[in-house]
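Undergrad: Data file model_8.cif (mmCIF, C-alpha atoms and all ligand atoms) is appended below.
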```
data_run
#
loop_
_atom_site.label_atom_id
_atom_site.label_comp_id
_atom_site.auth_asym_id
_atom_site.auth_seq_id
_atom_site.Cartn_x
_atom_site.Cartn_y
_atom_site.Cartn_z
CA MET A 1 -62.84 -100.89 92.74
CA THR A 2 -59.07 -100.93 92.72
CA GLN A 3 -55.90 -102.81 91.85
CA ASP A 4 -55.00 -102.64 95.56
CA GLY A 5 -56.93 -104.54 98.15
CA VAL A 6 -57.73 -108.21 98.01
CA ARG A 7 -59.61 -110.49 95.68
CA ILE A 8 -63.36 -110.29 96.11
CA GLN A 9 -63.64 -114.06 96.55
CA LYS A 10 -61.29 -113.84 99.55
CA ILE A 11 -63.38 -111.10 101.16
CA ILE A 12 -66.53 -113.21 100.75
CA ALA A 13 -64.81 -116.38 102.04
CA ASP A 14 -63.24 -114.56 105.02
CA ALA A 15 -66.69 -113.31 105.96
CA GLY A 16 -67.68 -116.98 106.36
CA ILE A 17 -70.33 -116.81 103.63
CA THR A 18 -68.91 -119.65 101.56
CA SER A 19 -65.58 -121.14 100.46
CA ARG A 20 -63.33 -119.26 98.07
CA ARG A 21 -64.43 -121.62 95.29
CA GLY A 22 -68.06 -121.00 96.25
CA ALA A 23 -67.43 -117.24 96.15
CA GLU A 24 -65.98 -117.58 92.67
CA ARG A 25 -69.18 -119.28 91.57
CA LEU A 26 -71.23 -116.43 93.07
CA ILE A 27 -69.11 -113.92 91.14
CA LEU A 28 -69.43 -115.83 87.86
CA GLU A 29 -73.19 -116.09 88.41
CA GLY A 30 -73.32 -112.26 88.59
CA ARG A 31 -74.53 -112.20 92.19
CA VAL A 32 -71.74 -110.03 93.57
CA SER A 33 -71.34 -106.28 93.38
CA VAL A 34 -68.70 -103.81 94.59
CA ASN A 35 -69.80 -100.26 95.29
CA GLY A 36 -73.03 -101.01 93.47
CA ILE A 37 -71.40 -102.32 90.28
CA ALA A 38 -71.79 -105.98 89.36
CA VAL A 39 -68.49 -107.89 89.28
CA THR A 40 -68.06 -110.98 87.15
CA ASN A 41 -64.28 -110.89 86.86
CA LEU A 42 -62.45 -113.27 89.20
CA GLY A 43 -59.41 -110.96 89.23
CA ALA A 44 -61.34 -107.99 90.69
CA ARG A 45 -60.18 -106.59 94.01
CA ALA A 46 -61.63 -104.46 96.76
CA VAL A 47 -60.47 -102.90 100.00
CA PRO A 48 -62.19 -104.58 102.94
CA GLY A 49 -63.94 -102.08 105.17
CA THR A 50 -63.80 -99.35 102.48
CA ASP A 51 -65.43 -100.81 99.37
CA ALA A 52 -69.01 -102.02 99.75
CA VAL A 53 -69.14 -105.67 98.72
CA GLU A 54 -72.59 -107.22 98.37
CA VAL A 55 -73.86 -110.72 97.61
CA ASP A 56 -77.41 -110.83 96.30
CA GLY A 57 -77.75 -107.25 97.49
CA ALA A 58 -76.77 -108.06 101.08
CA ALA A 59 -73.70 -106.35 102.50
CA VAL A 60 -70.68 -108.48 103.21
CA GLY A 61 -69.81 -106.35 106.20
CA ALA A 62 -66.56 -106.20 108.00
CA PRO A 63 -65.73 -109.84 108.48
CA GLU A 64 -67.27 -111.30 111.58
CA ALA A 65 -64.68 -111.74 114.33
CA LEU A 66 -63.06 -115.08 113.72
CA ARG A 67 -63.64 -117.64 116.46
CA HIS A 68 -61.85 -120.90 117.11
CA TYR A 69 -62.64 -123.49 119.77
CA MET A 70 -61.46 -126.89 120.91
CA PHE A 71 -64.34 -129.28 121.55
CA HIS A 72 -63.94 -132.60 123.35
CA LYS A 73 -66.59 -134.54 121.46
CA PRO A 74 -68.07 -137.31 123.54
CA ALA A 75 -69.10 -140.62 121.94
CA GLY A 76 -72.83 -140.88 121.25
CA TYR A 77 -73.32 -137.62 119.32
CA LEU A 78 -73.48 -137.11 115.56
CA THR A 79 -71.11 -134.54 114.07
CA ALA A 80 -73.99 -132.61 112.51
CA LEU A 81 -76.00 -129.55 113.43
CA SER A 82 -79.28 -131.49 113.27
CA ASP A 83 -80.58 -134.96 112.46
CA VAL A 84 -83.97 -134.21 110.96
CA LYS A 85 -84.60 -137.76 109.71
CA LEU A 86 -83.82 -139.83 112.79
CA GLY A 87 -83.73 -137.24 115.58
CA ARG A 88 -80.47 -138.56 117.04
CA ALA A 89 -78.44 -136.42 119.46
CA THR A 90 -75.97 -134.15 117.68
CA ILE A 91 -73.05 -131.99 118.78
CA MET A 92 -75.45 -129.02 118.57
CA HIS A 93 -76.40 -130.05 122.10
CA PHE A 94 -73.03 -128.57 123.15
CA LEU A 95 -72.54 -125.88 120.48
CA LYS A 96 -75.81 -124.10 121.28
CA ARG A 97 -74.32 -122.59 124.43
CA LEU A 98 -71.71 -120.68 122.41
CA PRO A 99 -72.38 -116.99 121.74
CA GLU A 100 -71.72 -117.27 117.98
CA ARG A 101 -72.30 -119.75 115.17
CA VAL A 102 -69.31 -121.96 114.55
CA TYR A 103 -68.98 -125.15 112.57
CA PRO A 104 -67.02 -128.37 113.07
CA VAL A 105 -63.91 -128.82 110.95
CA GLY A 106 -64.45 -132.28 109.51
CA ARG A 107 -66.28 -134.96 111.43
CA LEU A 108 -65.92 -137.79 113.89
CA ASP A 109 -68.23 -140.82 113.77
CA ARG A 110 -71.06 -140.95 116.26
CA ASP A 111 -69.30 -143.55 118.43
CA VAL A 112 -65.92 -141.77 118.30
CA SER A 113 -64.72 -139.23 120.88
CA GLY A 114 -61.90 -136.72 120.92
CA ILE A 115 -60.72 -133.39 119.63
CA LEU A 116 -62.86 -131.50 117.12
CA ILE A 117 -62.03 -127.93 116.06
CA LEU A 118 -64.95 -125.50 115.78
CA THR A 119 -64.65 -122.26 113.85
CA ASN A 120 -66.42 -119.67 111.72
CA ASP A 121 -63.25 -119.14 109.65
CA GLY A 122 -64.37 -120.65 106.35
CA GLU A 123 -61.03 -120.45 104.58
CA LEU A 124 -59.11 -122.04 107.46
CA ALA A 125 -61.69 -124.84 107.75
CA ARG A 126 -61.65 -125.48 104.02
CA ARG A 127 -57.88 -125.80 103.97
CA LEU A 128 -57.72 -127.99 107.07
CA MET A 129 -60.16 -130.42 105.45
CA HIS A 130 -58.46 -130.40 102.05
CA PRO A 131 -56.32 -133.52 101.53
CA SER A 132 -53.51 -131.57 99.81
CA TYR A 133 -52.44 -129.97 103.12
CA LEU A 134 -51.70 -133.36 104.70
CA VAL A 135 -53.02 -132.28 108.11
CA PRO A 136 -51.96 -134.90 110.69
CA LYS A 137 -54.61 -136.49 112.91
CA ILE A 138 -53.63 -138.82 115.75
CA TYR A 139 -56.03 -141.54 116.91
CA ARG A 140 -55.84 -144.07 119.73
CA ALA A 141 -57.78 -147.26 119.04
CA ALA A 142 -58.59 -150.17 121.32
CA VAL A 143 -58.64 -153.22 119.05
CA GLU A 144 -59.52 -156.89 119.01
CA GLY A 145 -56.67 -159.37 118.80
CA SER A 146 -53.03 -158.86 119.61
CA PRO A 147 -51.56 -156.45 117.04
CA GLY A 148 -47.98 -157.19 115.95
CA GLU A 149 -45.36 -156.05 113.47
CA ARG A 150 -47.20 -157.60 110.51
CA ALA A 151 -50.29 -155.43 111.14
CA LEU A 152 -48.17 -152.32 111.78
CA ASN A 153 -46.20 -152.84 108.58
CA LEU A 154 -49.40 -153.14 106.58
CA LEU A 155 -50.75 -149.89 108.08
CA ARG A 156 -47.44 -148.14 107.29
CA SER A 157 -47.07 -149.62 103.83
CA GLY A 158 -49.37 -147.50 101.68
CA ARG A 159 -50.66 -150.80 100.23
CA LEU A 160 -53.96 -151.01 102.11
CA MET A 161 -56.78 -150.44 99.62
CA MET A 162 -60.00 -148.58 100.43
CA ASP A 163 -62.69 -147.98 97.80
CA GLY A 164 -60.20 -149.01 95.11
CA LYS A 165 -57.57 -146.45 96.22
CA PRO A 166 -54.51 -147.09 98.38
CA CYS A 167 -54.42 -145.47 101.83
CA ALA A 168 -51.49 -143.12 102.34
CA PRO A 169 -48.94 -144.68 104.69
CA ALA A 170 -49.92 -144.16 108.34
CA GLU A 171 -47.59 -143.81 111.27
CA ALA A 172 -48.49 -146.70 113.55
CA ARG A 173 -47.30 -147.85 116.96
CA ILE A 174 -48.48 -150.25 119.58
CA ILE A 175 -49.43 -148.67 122.89
CA ALA A 176 -50.41 -151.87 124.72
CA ARG A 177 -50.86 -155.50 123.82
CA GLY A 178 -52.58 -158.35 125.60
CA GLU A 179 -53.44 -161.88 124.52
CA ASP A 180 -56.62 -160.98 122.70
CA ARG A 181 -56.75 -157.19 122.71
CA GLY A 182 -54.49 -154.23 122.24
CA SER A 183 -54.20 -150.51 121.78
CA VAL A 184 -52.74 -148.86 118.66
CA GLU A 185 -51.90 -145.24 117.86
CA LEU A 186 -52.31 -144.18 114.24
CA THR A 187 -51.35 -140.88 112.63
CA LEU A 188 -53.19 -140.21 109.37
CA THR A 189 -52.90 -137.34 106.94
CA GLU A 190 -56.04 -138.34 105.04
CA GLY A 191 -59.59 -138.10 106.32
CA ARG A 192 -61.54 -140.74 104.44
CA HIS A 193 -64.85 -142.07 105.70
CA ARG A 194 -64.35 -144.34 108.77
CA GLN A 195 -60.71 -144.59 107.78
CA VAL A 196 -59.15 -145.73 111.06
CA LYS A 197 -61.79 -148.41 111.62
CA ARG A 198 -61.51 -149.67 108.06
CA MET A 199 -57.71 -149.70 108.04
CA LEU A 200 -57.48 -151.54 111.34
CA SER A 201 -60.16 -154.03 110.30
CA ALA A 202 -58.27 -154.68 107.07
CA ALA A 203 -55.12 -155.25 109.14
CA GLY A 204 -57.04 -157.90 111.12
CA HIS A 205 -57.83 -155.83 114.23
CA PRO A 206 -61.39 -154.47 114.41
CA VAL A 207 -61.71 -151.33 116.54
CA THR A 208 -63.73 -151.48 119.75
CA VAL A 209 -63.12 -147.91 121.00
CA LEU A 210 -61.71 -144.94 119.08
CA LYS A 211 -60.56 -141.52 120.24
CA ARG A 212 -58.85 -138.66 118.37
CA ARG A 213 -56.07 -137.30 120.56
CA SER A 214 -54.59 -134.62 118.32
CA TYR A 215 -55.56 -132.54 115.29
CA ALA A 216 -53.12 -130.59 113.08
CA GLY A 217 -50.49 -130.61 115.82
CA ILE A 218 -52.88 -129.56 118.60
CA PRO A 219 -53.30 -132.18 121.31
CA LEU A 220 -56.64 -132.67 123.05
CA ASP A 221 -56.40 -130.66 126.28
CA PRO A 222 -56.32 -133.21 129.13
CA ASP A 223 -58.22 -130.73 131.34
CA LEU A 224 -61.13 -130.51 128.89
CA PRO A 225 -63.79 -133.05 129.94
CA PRO A 226 -66.00 -134.84 127.36
CA GLY A 227 -68.56 -132.29 126.16
CA GLY A 228 -66.27 -129.40 127.14
CA ILE A 229 -65.49 -126.49 124.79
CA ARG A 230 -62.80 -123.86 125.23
CA PRO A 231 -61.37 -121.12 122.97
CA LEU A 232 -58.13 -122.05 121.24
CA THR A 233 -55.12 -120.13 122.52
CA ALA A 234 -53.36 -117.65 120.20
CA LEU A 235 -50.53 -120.16 119.87
CA GLU A 236 -52.91 -122.97 118.89
CA ILE A 237 -54.56 -120.75 116.27
CA ARG A 238 -51.15 -119.88 114.87
CA THR A 239 -50.24 -123.58 114.75
CA LEU A 240 -53.42 -124.37 112.80
CA ARG A 241 -52.96 -121.51 110.35
CA ARG A 242 -49.30 -122.31 109.72
CA LYS A 243 -50.13 -125.94 108.99
CA VAL A 244 -52.18 -124.80 105.99
CA GLY A 245 -50.05 -121.91 104.77
CA LEU A 246 -52.06 -119.00 106.22
N1 LIG B 301 -61.64 -142.84 111.50
C1 LIG B 301 -62.79 -143.46 111.83
O1 LIG B 301 -62.93 -144.65 111.58
N2 LIG B 301 -63.76 -142.74 112.39
C2 LIG B 301 -63.63 -141.44 112.70
O2 LIG B 301 -64.55 -140.83 113.24
C3 LIG B 301 -62.43 -140.79 112.38
C4 LIG B 301 -61.45 -141.52 111.78
#
```
Hey, can you dump this file as structure tokens for me?
Ligand code: URA
TA:
Amino acid sequence: MTQDGVRIQKIIADAGITSRRGAERLILEGRVSVNGIAVTNLGARAVPGTDAVEVDGAAVGAPEALRHYMFHKPAGYLTALSDVKLGRATIMHFLKRLPERVYPVGRLDRDVSGILILTNDGELARRLMHPSYLVPKIYRAAVEGSPGERALNLLRSGRLMMDGKPCAPAEARIIARGEDRGSVELTLTEGRHRQVKRMLSAAGHPVTVLKRRSYAGIPLDPDLPPGGIRPLTALEIRTLRRKVGL
């Protein structure tokens, strides 16, 4: 053990075992050792690849290579790895062809399509999902009724209440408008349950079709068909990491 190196909780989180907070719990519960000595101090450090870090006696090896993918989630699939209770189709149908285990960053409703990031980088995923990083998500919604300035102003106002808490102001613009239907683009920095549908319903325009077109500054690749998965480019990975201070 050493004053150099990095915090043990970071080594455990980077290995994809759990979040940094989860790793701190493991340390406090006395389940972590470095070079055979139990560590219960959250300030302890180790040198990855040199010191032997173990959780419950199992080596936290060199961190697994970090993988990042863009997935074009089609409508009709749950964002879950299995649906034991009801046996509905899940995104695992597509993920199982990948050579390594990766997890979705956040979720899209079953009837919603669009960009979903998949990764085994636990720390990156945790930060992207944490509301304090204000990660922007852009949605396109087909809606009932003819949305106008009044609805847009409400969406932008920060006055819409959900579960007793105001929604952060959204960027909102009209993409198309007919007599009794329209299309609206919303940019949210929160990720509350069914947020776009609930905000648009509250503004008087229930959603009929919803798609996420961009996540954390990365647009859905127009060449990626529904169900398609491709590795993120180095530039896209850098964009994601920068967004959350990594
Ligand atoms: N807002 C929704 O209503 N559903 C989603 O899946 C994502 C955002």
Undergrad: Considering only C-alpha atoms, return as a compact mmCIF listing (two decimals) with C-alpha atoms, keeping the file's coordinate frame whatever protein or nucleic-acid residues lie within 9 Å of Gly76 in chain A, sequence-local ones (same chain, fewer than 4 positions apart) excluded.
TA:
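Okay, selection22.txt is ready:
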```
# COMPACT_ATOMS: atom_id res chain seq x y z
CA ALA A 89 -78.44 -136.42 119.46
CA THR A 90 -75.97 -134.15 117.68
CA ASP A 109 -68.23 -140.82 113.77
CA ARG A 110 -71.06 -140.95 116.26
CA ASP A 111 -69.30 -143.55 118.43
CA VAL A 112 -65.92 -141.77 118.30
CA SER A 113 -64.72 -139.23 120.88
```
Undergrad: Once you count only C-alpha atoms and all ligand atoms, which residues end up within 9 Å of ligand LIG 301 (chain B), and could you hand them over as number ranges by chain?
TA: A: 107-113, 137, 139, 188, 191-200, 207, 210-212
Undergrad: Could you check the closest approach to Pro169 in chain A for each of A:Thr189, A:Ala203, A:Arg150, A:Val184 and tell me which residue wins, using only C-alpha atoms?
TA: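 Among the listed residues, A:Thr189 lies closest to Pro169 in chain A.
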Undergrad: Tell me, as a count of residues only, which residues lie within 12 Å of Gly217 in chain A, counting only C-alpha atoms; anything in the same chain fewer than 5 positions away does not count.
TA: 22
Undergrad: For Asp14 in chain A, find every residue with an atom within 10 Å (counting all atoms listed in the file), except residues of its own chain fewer than 2 positions away, and show them as a list in words.
TA: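 Using all atoms listed in the file, the neighbours found are Ile8, Gln9, Lys10, Ile11, Ile12, Gly16, Ile17, Thr18, Ser19, Arg20, Val60, Ala62, Pro63, Glu64, Ala65, Leu66, Asn120, Asp121, Gly122, Glu123 and Leu124 of chain A.
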Undergrad: Could you pull the residues within 6 Å of Glu144 in chain A, counting all atoms listed in the file, minus those fewer than 4 positions along the same chain, as an MDAnalysis selection string?
TA: chainID A and resid 181 205:206
Undergrad: Which residue, A:Ser146, A:Thr208, A:Asn153, A:Thr233, has the smallest gap to Tyr69 in chain A when you use only C-alpha atoms?
TA: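 So, comparing all the options, the nearest one is A:Thr233.
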Undergrad: So how far away is CA of Leu154 in chain A from CA of Ala172 in chain A, in Å?
TA: 9.5 Å
Undergrad: List every protein, DNA or RNA residue that has at least one atom no more than 12 Å from (-57.2, -144.3, 97.1) in the file's coordinates, counting all atoms listed in the file, and write the result as an NGL selection string.
TA: :A and (131 or 158-169 or 190-193 or 195)
Undergrad: Quote the spacing between CA of Leu78 in chain A and CA of Gly22 in chain A in Å to one decimal place.
TA: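 CA of Gly22 in chain A lies at a distance of 25.7 Å from CA of Leu78 in chain A.
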Undergrad: Please indicate the distance in Å from CA of Phe94 in chain A to CA of Lys73 in chain A, rounded to one decimal place.
TA: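 Computed distance, CA of Phe94 in chain A to CA of Lys73 in chain A, equals 8.9 Å.
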Undergrad: Which residue gives the smallest distance to Arg126 in chain A among A:Val105, A:Val39, A:Leu98, A:Leu155, with only C-alpha atoms counted?
TA: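 Of A:Val105, A:Val39, A:Leu98, A:Leu155, the one nearest Arg126 in chain A is A:Val105, counting only C-alpha atoms.
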Undergrad: Which is closer to Ala46 in chain A than all the others in A:Arg127, A:His68, A:Arg213, A:Arg7, using only C-alpha atoms?
TA: A:Arg7
Undergrad: Which residue gives the smallest distance to Ala142 in chain A among A:Leu116, A:Ala58, A:Ala176, A:Ala44, with only C-alpha atoms counted?
TA: A:Ala176
Undergrad: Ranking A:Gly114, A:Gly106, A:Gly182, A:Gly57 by minimum distance to Val143 in chain A and counting only C-alpha atoms, which one comes first?
TA: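 Looking at the shortest contact to Val143 in chain A, the residue is A:Gly182.
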Undergrad: Would you mind listing what lies within 12 Å of Pro222 in chain A as a compact mmCIF listing (two decimals) with C-alpha atoms, keeping the file's coordinate frame, with all atoms listed in the file counted and same-chain residues fewer than 2 positions away left out?
TA:
```
# COMPACT_ATOMS: atom_id res chain seq x y z
CA MET A 70 -61.46 -126.89 120.91
CA PHE A 71 -64.34 -129.28 121.55
CA HIS A 72 -63.94 -132.60 123.35
CA GLY A 114 -61.90 -136.72 120.92
CA ILE A 115 -60.72 -133.39 119.63
CA ARG A 213 -56.07 -137.30 120.56
CA SER A 214 -54.59 -134.62 118.32
CA ILE A 218 -52.88 -129.56 118.60
CA PRO A 219 -53.30 -132.18 121.31
CA LEU A 220 -56.64 -132.67 123.05
CA LEU A 224 -61.13 -130.51 128.89
CA PRO A 225 -63.79 -133.05 129.94
CA PRO A 226 -66.00 -134.84 127.36
CA GLY A 228 -66.27 -129.40 127.14
```
